[in-house]
Amino acid sequence: MIKPDDTLTLWTFLVGWAAISIWLEQKYKWAATLTGCMIALLGAMALANLGVVPVDSPVYDSVWGYVVPLAVPLLLFDADIRRIWKESGRTFVAFHFAAGGTLLGTCVATFLFYRYIPEMRGILAMLCGSYIGGSMNLAAMKDAFAVSPEMTGAVIVADNFLMALYFFALMIVPTLNFFRRHYPMPYKAAVPSPVADKKEKKERSLLDIAASAAVAFFIVTLSTKLADAVGGSMVLPRPARWIFGQKYFLITTLTVLGATLFPKIFGALQGAREIGTFFIHIFFVVIGVPASLSMILNRSPLLFAYAGTIVLVNMAVTLGLGKLFKFSLEELMVSCNATIGGPTTAAAMATAKGWNGLVVPALLVGIWGYVIGNYAALLTANYLGSLLNLP
């Protein structure tokens with residue numbers, strides 16, 4: 001019904017459906033369980049398969065060219081490394097147990113399934129990045145490795161279904177007598193705190209929005225120009241071209257450097273996280289548009305097994321190392337949640353359980369996952385890709 005060159009109508013659809021998905025998530029419990037991102041994807045997929053919106057359009061290319069790269073710095077303005085190290089405490093160490101579990105799980109799952117899953121290099125990068133950071137890292141790796149829209153849709157469907165099951169398991173584990181007997185649980189359940197971050201109380205101003213957008217554009221433009229220059233250089237050695245020729249590597253690095261060296265400037269910018277999250281919802285709408293329903297139904301079960309292997313190893317490594325080094329069960333569960341789901345779901349879990357002392361650490365280590373997710377995914381995908389000769 002909508003033509004591929006009807007730019008204004010398509011942008012209205014992308015922005016409008018992303019907004020509706022967020023509204024549904026905040027309004028209804030079933031939608032919050034499903035997540036707004038998943039609603040954005042499924043709704044777009046349904047409309048595309050019914051012929052309401054086109055499966056291909058220059059508008060979608062604009063999302064990949066501008067919206068997705070801009071989301072990365074906007075979500076990293078809080079990534080002051082010194083603050084993360086100082087305020088996250090033991091949870092910071094526990095988070096790295098879980099991140100190491102993701103890396104090991106990615107290797108195990110790839111060795112088990114690489115013969116059966118196409119576009120393996122890009123898919124392992126997407127899930128590795130997502131299961132250390134979040135949707136931002138998944139979007140960046142999809143773009144970096146040019147994973148097809150059909151496979152991306154199947155990955156996201158499997159990923160979201162698995163995350164729902166995993167979050168349920170993480171909520172249940174602390175209530176089971178077996179784990180309560182073998183792990184310390186010093187965090188007494190308290191009245192859930194309605195405020196996860198004091199920064200959220202501050203009023204957003206027009207200047208905050210303008211400054212956040214301007215800084216994000218500057219970082220993305222500078223990173224893209226530098227990556228193009230380095231990637232096309234014949235003077236630099238190949239490893240340097242590969243690392244510094246990746247725009248997402250540079251976007252992440254420059255943003256984190258700015259947030260760490262100038263924490264007062266970046267920390268004072270309000271609304272960046274909300275804008276970045278909204279951009280990620282638009283990304284999920286675009287992902288759903290070209291997704292073939294039959295392709296997803298055929299591919300998702302195998303991808304579910306692949307992602308499930310990563311998640312199982314993630315929990316096993318976290319619990320094993322946590323037991324060895326005497327970490328509390330609460331710290332370990334929050335860390336698992338922060339790797340698989342990101343800062344928002346980890347803080348929400350700590351709040352729901354009444355572990356108020358872990359709410360801020362959960363946010364901080366989740367943001368740290370955003371920082372290292374792209375690095376870990378790029379290195380793991382290219383190492384395993386070379387080792388196994390992956391496409």
# chains A, B, ... in the order shown; residues from 1 in each chain; ligands from 1
>>> residues_around(residues="Thr35 (chain A)", least_positions_apart="6", cutoff="9 Å", atoms="only C-alpha atoms", output="list in words")
Ser21, Ile22, Leu24, Glu25 and Asn160 of chain A
>>> write_last_selection(atoms="C-alpha atoms", output="PDB file, in the first residue's frame")
ATOM      1  CA  SER A  21       5.540   0.132  20.875  1.00  0.00           C
ATOM      2  CA  ILE A  22       7.043   2.161  23.730  1.00  0.00           C
ATOM      3  CA  LEU A  24       2.301  -0.304  24.902  1.00  0.00           C
ATOM      4  CA  GLU A  25       5.341  -1.467  26.896  1.00  0.00           C
ATOM      5  CA  ASN A 160      13.916 -12.138  22.694  1.00  0.00           C
TER       6      ASN A 160
END
>>> residues_around(residues="region 323-330 of chain A", least_positions_apart="2", cutoff="8 Å", atoms="only C-alpha atoms", output="ChimeraX atom specification")
/A:94,174,179-180,182-187,319-321,332-334,355
>>> atom_distance(atom1="CA of Leu74 (chain A)", atom2="CA of Gly129 (chain A)")
17.4 Å
>>> select_by_dssp(residues="region 8-95 of chain A", states="alpha helix (DSSP H)", output="CSV table (one decimal) with C-alpha atoms, in the first residue's frame")
chain,number,residue,atom,x,y,z
A,8,LEU,CA,7.4,11.0,4.4
A,9,THR,CA,4.8,8.3,4.9
A,10,LEU,CA,7.4,5.7,5.6
A,11,TRP,CA,9.2,7.9,8.2
A,12,THR,CA,5.8,8.5,9.8
A,13,PHE,CA,5.3,4.8,10.0
A,14,LEU,CA,8.7,4.1,11.5
A,15,VAL,CA,8.6,6.8,14.1
A,16,GLY,CA,4.9,6.3,14.8
A,17,TRP,CA,5.1,2.5,15.3
A,18,ALA,CA,8.2,2.9,17.5
A,19,ALA,CA,6.3,5.4,19.7
A,20,ILE,CA,3.3,3.0,19.9
A,21,SER,CA,5.5,0.1,20.9
A,22,ILE,CA,7.0,2.2,23.7
A,23,TRP,CA,3.6,3.3,24.9
A,24,LEU,CA,2.3,-0.3,24.9
A,25,GLU,CA,5.3,-1.5,26.9
A,26,GLN,CA,4.8,1.2,29.5
A,27,LYS,CA,1.0,0.8,29.6
A,29,LYS,CA,2.1,-5.8,31.6
A,30,TRP,CA,1.9,-8.3,28.7
A,31,ALA,CA,3.7,-5.7,26.5
A,32,ALA,CA,6.3,-5.0,29.2
A,33,THR,CA,7.0,-8.8,29.3
A,34,LEU,CA,7.2,-8.9,25.5
A,36,GLY,CA,8.7,-2.7,23.2
A,37,CYS,CA,11.5,-3.7,20.9
A,38,MET,CA,9.9,-7.0,20.2
A,39,ILE,CA,6.5,-5.4,19.6
A,40,ALA,CA,8.2,-3.0,17.2
A,41,LEU,CA,9.7,-5.9,15.2
A,42,LEU,CA,6.6,-8.1,15.2
A,43,GLY,CA,4.3,-5.3,14.2
A,44,ALA,CA,6.5,-4.2,11.3
A,45,MET,CA,6.9,-7.8,10.2
A,46,ALA,CA,3.2,-8.4,10.1
A,47,LEU,CA,2.5,-5.2,8.1
A,48,ALA,CA,5.3,-6.0,5.6
A,49,ASN,CA,4.0,-9.6,5.1
A,58,PRO,CA,15.9,4.1,0.7
A,59,VAL,CA,14.3,5.2,4.0
A,60,TYR,CA,15.5,2.0,5.7
A,61,ASP,CA,19.0,2.7,4.4
A,62,SER,CA,18.8,6.1,6.1
A,68,VAL,CA,21.7,3.4,14.4
A,69,PRO,CA,25.2,5.0,14.5
A,70,LEU,CA,23.7,8.0,16.5
A,71,ALA,CA,22.1,5.7,19.0
A,72,VAL,CA,25.6,4.4,20.1
A,73,PRO,CA,27.1,7.6,21.5
A,74,LEU,CA,23.8,8.7,23.0
A,81,ILE,CA,34.9,4.5,33.4
A,82,ARG,CA,36.3,5.9,36.7
A,83,ARG,CA,32.7,6.2,38.1
A,84,ILE,CA,31.8,2.7,37.0
A,85,TRP,CA,34.9,1.2,38.6
A,86,LYS,CA,34.5,3.3,41.8
A,87,GLU,CA,30.7,2.8,42.4
A,90,ARG,CA,32.1,-6.2,43.7
A,91,THR,CA,29.3,-6.3,41.1
A,92,PHE,CA,31.8,-5.0,38.6
A,93,VAL,CA,33.9,-8.2,39.1
A,94,ALA,CA,30.9,-10.4,39.0
A,95,PHE,CA,29.8,-8.8,35.8
>>> closest_residue(among="A:Met315, A:Leu50, A:Ala347, A:Met136", to="Tyr370 (chain A)", atoms="only C-alpha atoms")
A:Met136
>>> residues_around(residues="Gln270 (chain A)", least_positions_apart="2", cutoff="8 Å", atoms="only C-alpha atoms", output="JSON, numbers by chain")
{"A": [202, 203, 204, 205, 208, 209, 212, 267, 268, 272, 273]}
>>> residues_around(residues="Gln246 (chain A)", least_positions_apart="4", cutoff="12 Å", atoms="only C-alpha atoms", output="ChimeraX atom specification")
/A:69,140-141,143-145,220,223-232,239-242,250-253,374-375,378-379
>>> write_last_selection(atoms="C-alpha atoms", output="PDB file, in the first residue's frame")
ATOM      1  CA  PRO A  69      25.202   5.038  14.549  1.00  0.00           C
ATOM      2  CA  ALA A 140      26.120  -2.185  15.586  1.00  0.00           C
ATOM      3  CA  MET A 141      27.318  -5.728  14.822  1.00  0.00           C
ATOM      4  CA  ASP A 143      25.656  -3.260  10.465  1.00  0.00           C
ATOM      5  CA  ALA A 144      29.370  -4.043  10.813  1.00  0.00           C
ATOM      6  CA  PHE A 145      29.013  -7.564   9.385  1.00  0.00           C
ATOM      7  CA  VAL A 220      29.592   9.841  14.516  1.00  0.00           C
ATOM      8  CA  SER A 223      34.457   8.420  13.606  1.00  0.00           C
ATOM      9  CA  THR A 224      33.081   7.731  10.125  1.00  0.00           C
ATOM     10  CA  LYS A 225      35.612  10.031   8.421  1.00  0.00           C
ATOM     11  CA  LEU A 226      38.509   8.551  10.410  1.00  0.00           C
ATOM     12  CA  ALA A 227      37.372   4.983   9.743  1.00  0.00           C
ATOM     13  CA  ASP A 228      37.109   5.664   5.993  1.00  0.00           C
ATOM     14  CA  ALA A 229      40.563   7.257   5.956  1.00  0.00           C
ATOM     15  CA  VAL A 230      42.204   4.469   7.952  1.00  0.00           C
ATOM     16  CA  GLY A 231      40.411   1.688   6.093  1.00  0.00           C
ATOM     17  CA  GLY A 232      41.579   3.034   2.757  1.00  0.00           C
ATOM     18  CA  PRO A 239      45.595  -5.152  11.808  1.00  0.00           C
ATOM     19  CA  ALA A 240      45.524  -1.390  12.380  1.00  0.00           C
ATOM     20  CA  ARG A 241      43.303  -0.888   9.310  1.00  0.00           C
ATOM     21  CA  TRP A 242      40.960  -3.596  10.514  1.00  0.00           C
ATOM     22  CA  LEU A 250      35.862   4.505  16.919  1.00  0.00           C
ATOM     23  CA  ILE A 251      32.378   5.715  17.925  1.00  0.00           C
ATOM     24  CA  THR A 252      32.550   3.654  21.105  1.00  0.00           C
ATOM     25  CA  THR A 253      36.130   4.670  21.895  1.00  0.00           C
ATOM     26  CA  ASN A 374      31.439  -4.018  20.553  1.00  0.00           C
ATOM     27  CA  TYR A 375      35.113  -4.702  21.243  1.00  0.00           C
ATOM     28  CA  LEU A 378      34.457  -7.733  16.893  1.00  0.00           C
ATOM     29  CA  LEU A 379      37.473  -9.605  18.254  1.00  0.00           C
TER      30      LEU A 379
END
>>> closest_residue(among="A:Ala316, A:Ala377, A:Val157, A:Leu363", to="Ser88 (chain A)", atoms="only C-alpha atoms")
A:Leu363
>>> closest_residue(among="A:Ile123, A:Val63, A:Leu75, A:Leu236", to="Gly271 (chain A)", atoms="only C-alpha atoms")
A:Leu75
>>> residues_around(residues="Phe97 (chain A)", least_positions_apart="6", cutoff="8 Å", atoms="only C-alpha atoms", output="list in words")
Val317, Thr318, Leu321 and Gly322 of chain A
>>> write_last_selection(atoms="C-alpha atoms", output="compact mmCIF listing (two decimals), in the first residue's frame")
# COMPACT_ATOMS: atom_id res chain seq x y z
CA VAL A 317 30.45 -19.81 34.46
CA THR A 318 28.99 -17.01 36.58
CA LEU A 321 33.32 -18.47 39.55
CA GLY A 322 30.97 -16.78 41.99
>>> closest_residue(among="A:Gly100, A:Pro4, A:Asp56, A:Asp78", to="Thr380 (chain A)", atoms="only C-alpha atoms")
A:Gly100
>>> atom_distance(atom1="CA of Leu124 (chain A)", atom2="CA of Leu103 (chain A)")
10.1 Å
>>> closest_residue(among="A:Val155, A:Ile2, A:Leu261, A:Val53", to="Glu119 (chain A)", atoms="only C-alpha atoms")
A:Val155
